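Below is one structure, written out as structure tokens; the observations come after it.
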Amino acid sequence: TLHETLPDVVVSCAAISSPAKCEQDEALAMRCNCPRNFLEALHACVPDVLLIHFSTDLVLPDGEKPVSDGGVGVKSSQKCIAETPVPTNAYGRSKLAFEKALVEGWDRCVIFRMSNVAGPLAPYDQQGKFAQWVSNTLRDKGTVELWRDEVRSFVAMRQVRDGVRAAIQKYGVRHEPADDHEARALEAAAVSPSETARFHHRARALRPAVFLHLNLGGPMALSRVQFGRAVASAASLDADLVRGALRPSGTAPKVVALDSSSFVEAL
């Protein structure tokens with residue numbers, strides 16, 4: 001539990017991430033993807049923890065021009081989040097709601113607005129993602145049909161990993177008690193909300209406020225067809241067997257390109 005571990009960093013990536021499931025039950029999506037009770041628990045137990053949160057590019061509207069982020073600083077992040085139009089999809093609305101909750105109520109935070117992720121099999125359940133599905137389908141069926149009019153800034157899992165690692169190394173300062181009095185304050189903070197509030201002010205000297213709002217996407221925006229053909233070529237398969245089709249109508253934006261230059265500069 002938070003009381004027992006008193007973490008220096010919390011990485012928040014749990015979510016209902018299926019847009020279809022979010023459309024089916026938006027109330028449930030909002031409870032899971034905008035967990036205000038989770039923030040209350042952090043405030044009570046570890047009010048100075050560095051919170052790294054993964055949002056999504058689906059908070060953004062359709063548009064071919066690469067979209068910038070809030071960068072470094074709470075004011076620029078507040079402006080960026082406030083100026084983001086209400087998303088057309090339930091998943092995006094739930095994720096944007098939590099971005100707003102964070103910029104209003106958590107001052108040691110890194111938000112990554114992340115695009116589609118490509119990488120190796122998941123380490124725990126060995127499940128693949130889009131790239132594995134493309135290559136497996138090509139091997140099994142000889143051809144695959146992908147949307148040519150849906151565009152994303154696909155990002156490699158190693159870039160996500162490196163971003164989290166850099167944020168932790170740069171801002172996740174471990175707090176060791178300086179003396180017996182501070183050690184007792186830390187111990188009391190683990191069980192008492194009032195002591196937590198007192199300790200919060202002492203901890204600020206060691207853990208200053210930091211707020212980053214960064215896009216996390218690849219250097220190029222690609223359609224699913226373009227990405228699928230790149231996957232096929234990397235797997236020594238015939239890229240011409242990746243065929244294009246139009247995406248059915250839906251609530252999610254078709255074209256979202258991310259300008260991730262702030263990510264490179266900040267981390």
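Going by the structure tokens order, chains are called A, B, ..., each with residues numbered from 1, while ligands are numbered from 1 in the order shown.
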
Query raised in the report: Can you list, as number ranges by chain, every protein, DNA or RNA residue that comes within 8 Å of range 81-98 of chain A when you count only C-alpha atoms, leaving out same-chain residues fewer than 5 positions away?
Result: A: 16-19, 22-23, 26, 29-30, 33-36, 55-61, 70, 251-253

Might you pull out every residue within 10 Å of range 132-148 of chain A, with only C-alpha atoms counted and same-chain residues fewer than 5 positions away left off, and present them as an mmCIF file with C-alpha atoms, in the first residue's frame?
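This is the output file selection_10.cif:
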```
data_model
loop_
_atom_site.group_PDB
_atom_site.id
_atom_site.type_symbol
_atom_site.label_atom_id
_atom_site.label_comp_id
_atom_site.auth_asym_id
_atom_site.auth_seq_id
_atom_site.Cartn_x
_atom_site.Cartn_y
_atom_site.Cartn_z
ATOM 1 C CA ALA A 118 4.914 -0.311 -31.251
ATOM 2 C CA GLY A 119 7.331 -2.664 -29.575
ATOM 3 C CA PRO A 120 8.060 -6.178 -28.337
ATOM 4 C CA LEU A 121 5.609 -8.557 -26.671
ATOM 5 C CA GLN A 127 0.511 -10.255 -25.765
ATOM 6 C CA LEU A 222 2.025 7.553 -40.703
ATOM 7 C CA SER A 223 -1.197 5.998 -41.904
ATOM 8 C CA ARG A 224 -1.897 2.471 -40.736
ATOM 9 C CA VAL A 225 -1.098 1.275 -44.247
ATOM 10 C CA GLN A 226 2.294 3.010 -44.220
ATOM 11 C CA PHE A 227 3.091 1.636 -40.786
ATOM 12 C CA GLY A 228 1.919 -1.840 -41.758
ATOM 13 C CA ARG A 229 4.173 -1.838 -44.817
ATOM 14 C CA VAL A 231 6.357 -3.661 -40.307
ATOM 15 C CA ALA A 232 6.171 -6.068 -43.234
ATOM 16 C CA SER A 233 9.524 -4.910 -44.610
ATOM 17 C CA ALA A 234 11.158 -5.228 -41.175
ATOM 18 C CA ALA A 235 9.827 -8.796 -40.935
ATOM 19 C CA SER A 236 11.124 -9.645 -44.440
ATOM 20 C CA LEU A 237 7.560 -9.942 -45.746
ATOM 21 C CA ASP A 238 6.097 -8.528 -48.949
ATOM 22 C CA ALA A 239 4.966 -4.960 -48.142
ATOM 23 C CA ASP A 240 2.726 -4.915 -51.241
ATOM 24 C CA LEU A 241 0.483 -7.451 -49.506
ATOM 25 C CA VAL A 242 -0.610 -4.702 -47.101
ATOM 26 C CA ARG A 243 -3.729 -3.292 -48.774
ATOM 27 C CA GLY A 244 -5.457 0.002 -48.024
ATOM 28 C CA ALA A 245 -9.076 0.623 -47.090
ATOM 29 C CA LEU A 246 -11.175 3.487 -45.740
ATOM 30 C CA ARG A 247 -11.875 3.545 -42.023
ATOM 31 C CA PRO A 248 -15.536 3.202 -41.068
ATOM 32 C CA LYS A 254 -8.835 10.039 -38.104
#
```

Identify, on the basis of only C-alpha atoms, every residue whose closest approach to Arg165 in chain A does not exceed 12 Å; exclude the query and any residue fewer than 5 positions from it along the same chain; express the result as a PDB file with all heavy atoms, in the first residue's frame.
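Saved file result.pdb follows:
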```
ATOM      1  N   VAL A   9       8.170   7.811  -6.679  1.00  0.00           N
ATOM      2  CA  VAL A   9       7.592   8.017  -8.002  1.00  0.00           C
ATOM      3  C   VAL A   9       6.416   7.060  -8.183  1.00  0.00           C
ATOM      4  O   VAL A   9       6.490   5.897  -7.784  1.00  0.00           O
ATOM      5  CB  VAL A   9       8.628   7.756  -9.122  1.00  0.00           C
ATOM      6  CG1 VAL A   9       8.000   7.973 -10.496  1.00  0.00           C
ATOM      7  CG2 VAL A   9       9.851   8.642  -8.951  1.00  0.00           C
ATOM      8  N   VAL A  11       3.985   5.757 -11.398  1.00  0.00           N
ATOM      9  CA  VAL A  11       3.728   5.775 -12.837  1.00  0.00           C
ATOM     10  C   VAL A  11       2.306   5.279 -13.066  1.00  0.00           C
ATOM     11  O   VAL A  11       1.985   4.129 -12.759  1.00  0.00           O
ATOM     12  CB  VAL A  11       4.736   4.894 -13.608  1.00  0.00           C
ATOM     13  CG1 VAL A  11       4.442   4.941 -15.102  1.00  0.00           C
ATOM     14  CG2 VAL A  11       6.164   5.354 -13.332  1.00  0.00           C
ATOM     15  N   ILE A  52       3.879  10.291 -12.783  1.00  0.00           N
ATOM     16  CA  ILE A  52       4.040  10.211 -14.231  1.00  0.00           C
ATOM     17  C   ILE A  52       2.774   9.563 -14.788  1.00  0.00           C
ATOM     18  O   ILE A  52       2.450   8.424 -14.440  1.00  0.00           O
ATOM     19  CB  ILE A  52       5.282   9.388 -14.618  1.00  0.00           C
ATOM     20  CG1 ILE A  52       6.555  10.043 -14.047  1.00  0.00           C
ATOM     21  CG2 ILE A  52       5.399   9.258 -16.132  1.00  0.00           C
ATOM     22  CD1 ILE A  52       7.814   9.233 -14.277  1.00  0.00           C
ATOM     23  N   VAL A 110       4.358  14.662 -14.511  1.00  0.00           N
ATOM     24  CA  VAL A 110       4.744  14.584 -15.912  1.00  0.00           C
ATOM     25  C   VAL A 110       3.608  13.882 -16.645  1.00  0.00           C
ATOM     26  O   VAL A 110       3.285  12.733 -16.332  1.00  0.00           O
ATOM     27  CB  VAL A 110       6.058  13.810 -16.128  1.00  0.00           C
ATOM     28  CG1 VAL A 110       6.398  13.743 -17.618  1.00  0.00           C
ATOM     29  CG2 VAL A 110       7.199  14.448 -15.349  1.00  0.00           C
ATOM     30  N   ARG A 158      10.621   1.601 -26.737  1.00  0.00           N
ATOM     31  CA  ARG A 158      11.885   1.999 -26.124  1.00  0.00           C
ATOM     32  C   ARG A 158      11.927   3.510 -25.866  1.00  0.00           C
ATOM     33  O   ARG A 158      12.548   3.957 -24.903  1.00  0.00           O
ATOM     34  CB  ARG A 158      13.073   1.576 -26.984  1.00  0.00           C
ATOM     35  CG  ARG A 158      13.140   2.226 -28.358  1.00  0.00           C
ATOM     36  CD  ARG A 158      14.372   1.779 -29.120  1.00  0.00           C
ATOM     37  NE  ARG A 158      14.438   2.370 -30.448  1.00  0.00           N
ATOM     38  CZ  ARG A 158      13.832   1.882 -31.529  1.00  0.00           C
ATOM     39  NH1 ARG A 158      13.129   0.771 -31.429  1.00  0.00           N
ATOM     40  NH2 ARG A 158      13.946   2.480 -32.695  1.00  0.00           N
ATOM     41  N   GLN A 159      11.242   4.304 -26.719  1.00  0.00           N
ATOM     42  CA  GLN A 159      11.196   5.741 -26.493  1.00  0.00           C
ATOM     43  C   GLN A 159      10.339   6.051 -25.265  1.00  0.00           C
ATOM     44  O   GLN A 159      10.659   6.954 -24.489  1.00  0.00           O
ATOM     45  CB  GLN A 159      10.628   6.459 -27.727  1.00  0.00           C
ATOM     46  CG  GLN A 159      10.666   7.982 -27.629  1.00  0.00           C
ATOM     47  CD  GLN A 159      10.176   8.668 -28.891  1.00  0.00           C
ATOM     48  OE1 GLN A 159       9.957   8.028 -29.923  1.00  0.00           O
ATOM     49  NE2 GLN A 159       9.987   9.970 -28.811  1.00  0.00           N
ATOM     50  N   VAL A 160       9.253   5.315 -25.097  1.00  0.00           N
ATOM     51  CA  VAL A 160       8.413   5.470 -23.907  1.00  0.00           C
ATOM     52  C   VAL A 160       9.219   5.127 -22.657  1.00  0.00           C
ATOM     53  O   VAL A 160       9.228   5.873 -21.671  1.00  0.00           O
ATOM     54  CB  VAL A 160       7.171   4.570 -24.003  1.00  0.00           C
ATOM     55  CG1 VAL A 160       6.314   4.695 -22.742  1.00  0.00           C
ATOM     56  CG2 VAL A 160       6.351   4.911 -25.240  1.00  0.00           C
ATOM     57  N   LYS A 170      15.583  12.636 -13.435  1.00  0.00           N
ATOM     58  CA  LYS A 170      15.710  14.091 -13.357  1.00  0.00           C
ATOM     59  C   LYS A 170      14.883  14.689 -12.228  1.00  0.00           C
ATOM     60  O   LYS A 170      15.310  15.657 -11.578  1.00  0.00           O
ATOM     61  CB  LYS A 170      15.298  14.709 -14.689  1.00  0.00           C
ATOM     62  CG  LYS A 170      15.676  16.179 -14.839  1.00  0.00           C
ATOM     63  CD  LYS A 170      15.509  16.637 -16.274  1.00  0.00           C
ATOM     64  CE  LYS A 170      16.004  18.063 -16.459  1.00  0.00           C
ATOM     65  NZ  LYS A 170      15.902  18.503 -17.880  1.00  0.00           N
ATOM     66  N   TYR A 171      13.696  14.114 -11.971  1.00  0.00           N
ATOM     67  CA  TYR A 171      12.774  14.759 -11.032  1.00  0.00           C
ATOM     68  C   TYR A 171      12.354  13.868  -9.856  1.00  0.00           C
ATOM     69  O   TYR A 171      11.793  14.379  -8.884  1.00  0.00           O
ATOM     70  CB  TYR A 171      11.511  15.204 -11.773  1.00  0.00           C
ATOM     71  CG  TYR A 171      11.792  16.192 -12.873  1.00  0.00           C
ATOM     72  CD1 TYR A 171      11.670  15.830 -14.215  1.00  0.00           C
ATOM     73  CD2 TYR A 171      12.189  17.496 -12.584  1.00  0.00           C
ATOM     74  CE1 TYR A 171      11.924  16.739 -15.232  1.00  0.00           C
ATOM     75  CE2 TYR A 171      12.450  18.407 -13.595  1.00  0.00           C
ATOM     76  CZ  TYR A 171      12.320  18.021 -14.909  1.00  0.00           C
ATOM     77  OH  TYR A 171      12.581  18.922 -15.911  1.00  0.00           O
ATOM     78  N   GLY A 172      12.593  12.584  -9.932  1.00  0.00           N
ATOM     79  CA  GLY A 172      12.163  11.691  -8.854  1.00  0.00           C
ATOM     80  C   GLY A 172      13.178  11.622  -7.731  1.00  0.00           C
ATOM     81  O   GLY A 172      13.756  10.571  -7.466  1.00  0.00           O
ATOM     82  N   LEU A 267      13.585  16.155 -21.804  1.00  0.00           N
ATOM     83  CA  LEU A 267      14.091  14.916 -21.211  1.00  0.00           C
ATOM     84  C   LEU A 267      15.249  14.315 -21.999  1.00  0.00           C
ATOM     85  O   LEU A 267      15.849  13.364 -21.555  1.00  0.00           O
ATOM     86  CB  LEU A 267      12.950  13.892 -21.100  1.00  0.00           C
ATOM     87  CG  LEU A 267      11.777  14.310 -20.205  1.00  0.00           C
ATOM     88  CD1 LEU A 267      10.655  13.279 -20.282  1.00  0.00           C
ATOM     89  CD2 LEU A 267      12.227  14.490 -18.761  1.00  0.00           C
TER      90      LEU A 267
END
```

Query - Selected residue, from A:Asn215, A:Glu40, A:Gly250, A:Val151, that lies nearest to Leu102 in chain A when counting only C-alpha atoms - result: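 Smallest separation from Leu102 in chain A among the options: A:Glu40.
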
According to DSSP computed on the backbone, where in range 59-257 of chain A is there strand (DSSP E or B)? Give the residues as a compact mmCIF listing (two decimals) with N, CA and C atoms, in the first residue's frame.
```
# COMPACT_ATOMS: atom_id res chain seq x y z
N GLY A 63 -6.82 16.72 -37.58
CA GLY A 63 -6.02 17.79 -38.16
C GLY A 63 -4.70 17.27 -38.66
N GLU A 64 -4.29 17.72 -39.84
CA GLU A 64 -3.05 17.23 -40.43
C GLU A 64 -1.82 17.93 -39.86
N LYS A 65 -1.98 19.14 -39.34
CA LYS A 65 -0.84 19.88 -38.79
C LYS A 65 -0.44 19.28 -37.44
N PRO A 66 0.88 19.01 -37.22
CA PRO A 66 1.32 18.49 -35.93
C PRO A 66 0.92 19.40 -34.78
N VAL A 67 0.37 18.80 -33.73
CA VAL A 67 -0.13 19.55 -32.58
C VAL A 67 0.94 19.62 -31.50
N GLY A 71 4.39 21.66 -22.86
CA GLY A 71 5.80 21.84 -22.55
C GLY A 71 6.10 21.79 -21.06
N VAL A 72 7.04 22.62 -20.64
CA VAL A 72 7.50 22.65 -19.26
C VAL A 72 6.88 23.84 -18.54
N ARG A 108 3.67 18.04 -8.85
CA ARG A 108 4.88 17.30 -9.25
C ARG A 108 4.43 16.22 -10.22
N CYS A 109 4.36 16.60 -11.49
CA CYS A 109 3.69 15.72 -12.46
C CYS A 109 4.33 15.80 -13.83
N VAL A 110 4.36 14.66 -14.51
CA VAL A 110 4.74 14.58 -15.91
C VAL A 110 3.61 13.88 -16.65
N ILE A 111 2.98 14.57 -17.58
CA ILE A 111 1.92 13.99 -18.40
C ILE A 111 2.48 13.72 -19.79
N PHE A 112 2.35 12.48 -20.25
CA PHE A 112 2.71 12.13 -21.61
C PHE A 112 1.44 11.91 -22.42
N ARG A 113 1.21 12.76 -23.44
CA ARG A 113 0.15 12.49 -24.41
C ARG A 113 0.74 11.55 -25.45
N MET A 114 0.34 10.30 -25.40
CA MET A 114 1.04 9.26 -26.15
C MET A 114 0.23 8.81 -27.37
N VAL A 117 1.57 2.78 -29.73
CA VAL A 117 2.88 2.27 -29.33
C VAL A 117 3.20 0.99 -30.10
N ALA A 118 4.42 0.90 -30.59
CA ALA A 118 4.91 -0.31 -31.25
C ALA A 118 6.13 -0.81 -30.50
N VAL A 144 -3.16 -8.43 -45.67
CA VAL A 144 -3.86 -7.75 -44.58
C VAL A 144 -4.37 -6.42 -45.11
N GLU A 145 -5.55 -6.03 -44.67
CA GLU A 145 -6.17 -4.78 -45.09
C GLU A 145 -6.18 -3.80 -43.93
N LEU A 146 -5.59 -2.60 -44.16
CA LEU A 146 -5.47 -1.60 -43.11
C LEU A 146 -6.03 -0.26 -43.59
N TRP A 147 -6.39 0.58 -42.64
CA TRP A 147 -6.96 1.89 -42.98
C TRP A 147 -5.88 2.81 -43.53
N VAL A 151 -4.33 8.31 -39.42
CA VAL A 151 -2.91 8.68 -39.31
C VAL A 151 -2.57 8.93 -37.84
N ARG A 152 -1.44 8.38 -37.40
CA ARG A 152 -0.96 8.56 -36.03
C ARG A 152 0.56 8.74 -36.05
N VAL A 155 4.87 5.50 -32.00
CA VAL A 155 6.05 5.67 -31.16
C VAL A 155 6.57 4.31 -30.70
N ALA A 156 7.89 4.18 -30.61
CA ALA A 156 8.50 2.92 -30.18
C ALA A 156 8.45 2.79 -28.67
N VAL A 210 7.22 20.61 -10.10
CA VAL A 210 7.61 20.46 -11.50
C VAL A 210 6.38 19.96 -12.26
N PHE A 211 6.10 20.56 -13.39
CA PHE A 211 4.98 20.11 -14.21
C PHE A 211 5.39 20.11 -15.67
N LEU A 212 5.34 18.92 -16.28
CA LEU A 212 5.66 18.76 -17.70
C LEU A 212 4.44 18.17 -18.40
N HIS A 213 4.11 18.72 -19.55
CA HIS A 213 2.99 18.23 -20.37
C HIS A 213 3.53 18.01 -21.77
N LEU A 214 3.86 16.73 -22.09
CA LEU A 214 4.67 16.44 -23.27
C LEU A 214 3.98 15.46 -24.21
N ASN A 215 4.01 15.78 -25.49
CA ASN A 215 3.60 14.80 -26.50
C ASN A 215 4.66 13.71 -26.58
N LEU A 216 4.21 12.48 -26.81
CA LEU A 216 5.13 11.36 -26.94
C LEU A 216 4.74 10.57 -28.19
N LEU A 222 2.21 8.58 -39.68
CA LEU A 222 2.03 7.55 -40.70
C LEU A 222 0.59 7.04 -40.68
N SER A 223 0.08 6.70 -41.86
CA SER A 223 -1.20 6.00 -41.90
C SER A 223 -0.96 4.56 -41.45
N VAL A 242 0.15 -5.55 -48.01
CA VAL A 242 -0.61 -4.70 -47.10
C VAL A 242 -1.48 -3.79 -47.96
N ARG A 243 -2.78 -4.01 -47.93
CA ARG A 243 -3.73 -3.29 -48.77
C ARG A 243 -4.43 -2.19 -47.99
N GLY A 244 -4.81 -1.13 -48.67
CA GLY A 244 -5.46 0.00 -48.02
C GLY A 244 -6.97 -0.04 -48.12
N ALA A 245 -7.62 0.52 -47.11
CA ALA A 245 -9.08 0.62 -47.09
C ALA A 245 -9.45 1.87 -46.31
N VAL A 255 -7.08 11.73 -38.17
CA VAL A 255 -5.72 12.20 -38.37
C VAL A 255 -5.28 13.01 -37.16
N VAL A 256 -4.28 12.49 -36.44
CA VAL A 256 -3.69 13.20 -35.30
C VAL A 256 -2.18 13.07 -35.40
N ALA A 257 -1.52 14.18 -35.63
CA ALA A 257 -0.05 14.22 -35.71
C ALA A 257 0.48 14.99 -34.51
```

Requested in this report: Can you work out the spacing between CA of Ala15 in chain A and CA of Cys32 in chain A in Å, to one decimal?
Outcome: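 Computing the Euclidean distance for CA of Ala15 in chain A and CA of Cys32 in chain A yields 6.0 Å.
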
**Report entry** A:Asn37, A:Ile168, A:Gly128, A:Glu4 ranked by distance to Val49 in chain A, top pick (using only C-alpha atoms)
**Finding:**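 Answer, going by the shortest atom-to-atom distance: A:Ile168.
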
Query raised in the report: Please, what distance in Å, to one decimal, runs between CA of Asp62 in chain A and CA of Asp162 in chain A?
Result: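 Distance reported for this atom pair: 28.3 Å.
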
Requested in this report: Just the helix (DSSP H, G or I) stuff from range 54-134 of chain A, please, per backbone DSSP, written as a ChimeraX atom specification.
Outcome: /A:57-59,74-83,90-105,130-134

Query raised in the report: Hey, what's within 8 Å of Ser68 in chain A if we count only C-alpha atoms and toss same-chain stuff fewer than 3 positions away? As a list in words, please?
Result: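 Surrounding residues, per the criterion: Asn215, Leu258, Asp259 and Ser260 of chain A.
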
Query raised in the report: In Å, with one decimal, what is the gap from CA of Gly73 in chain A to CA of Ala266 in chain A?
Result: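 Between these atoms lies a distance of 10.8 Å.
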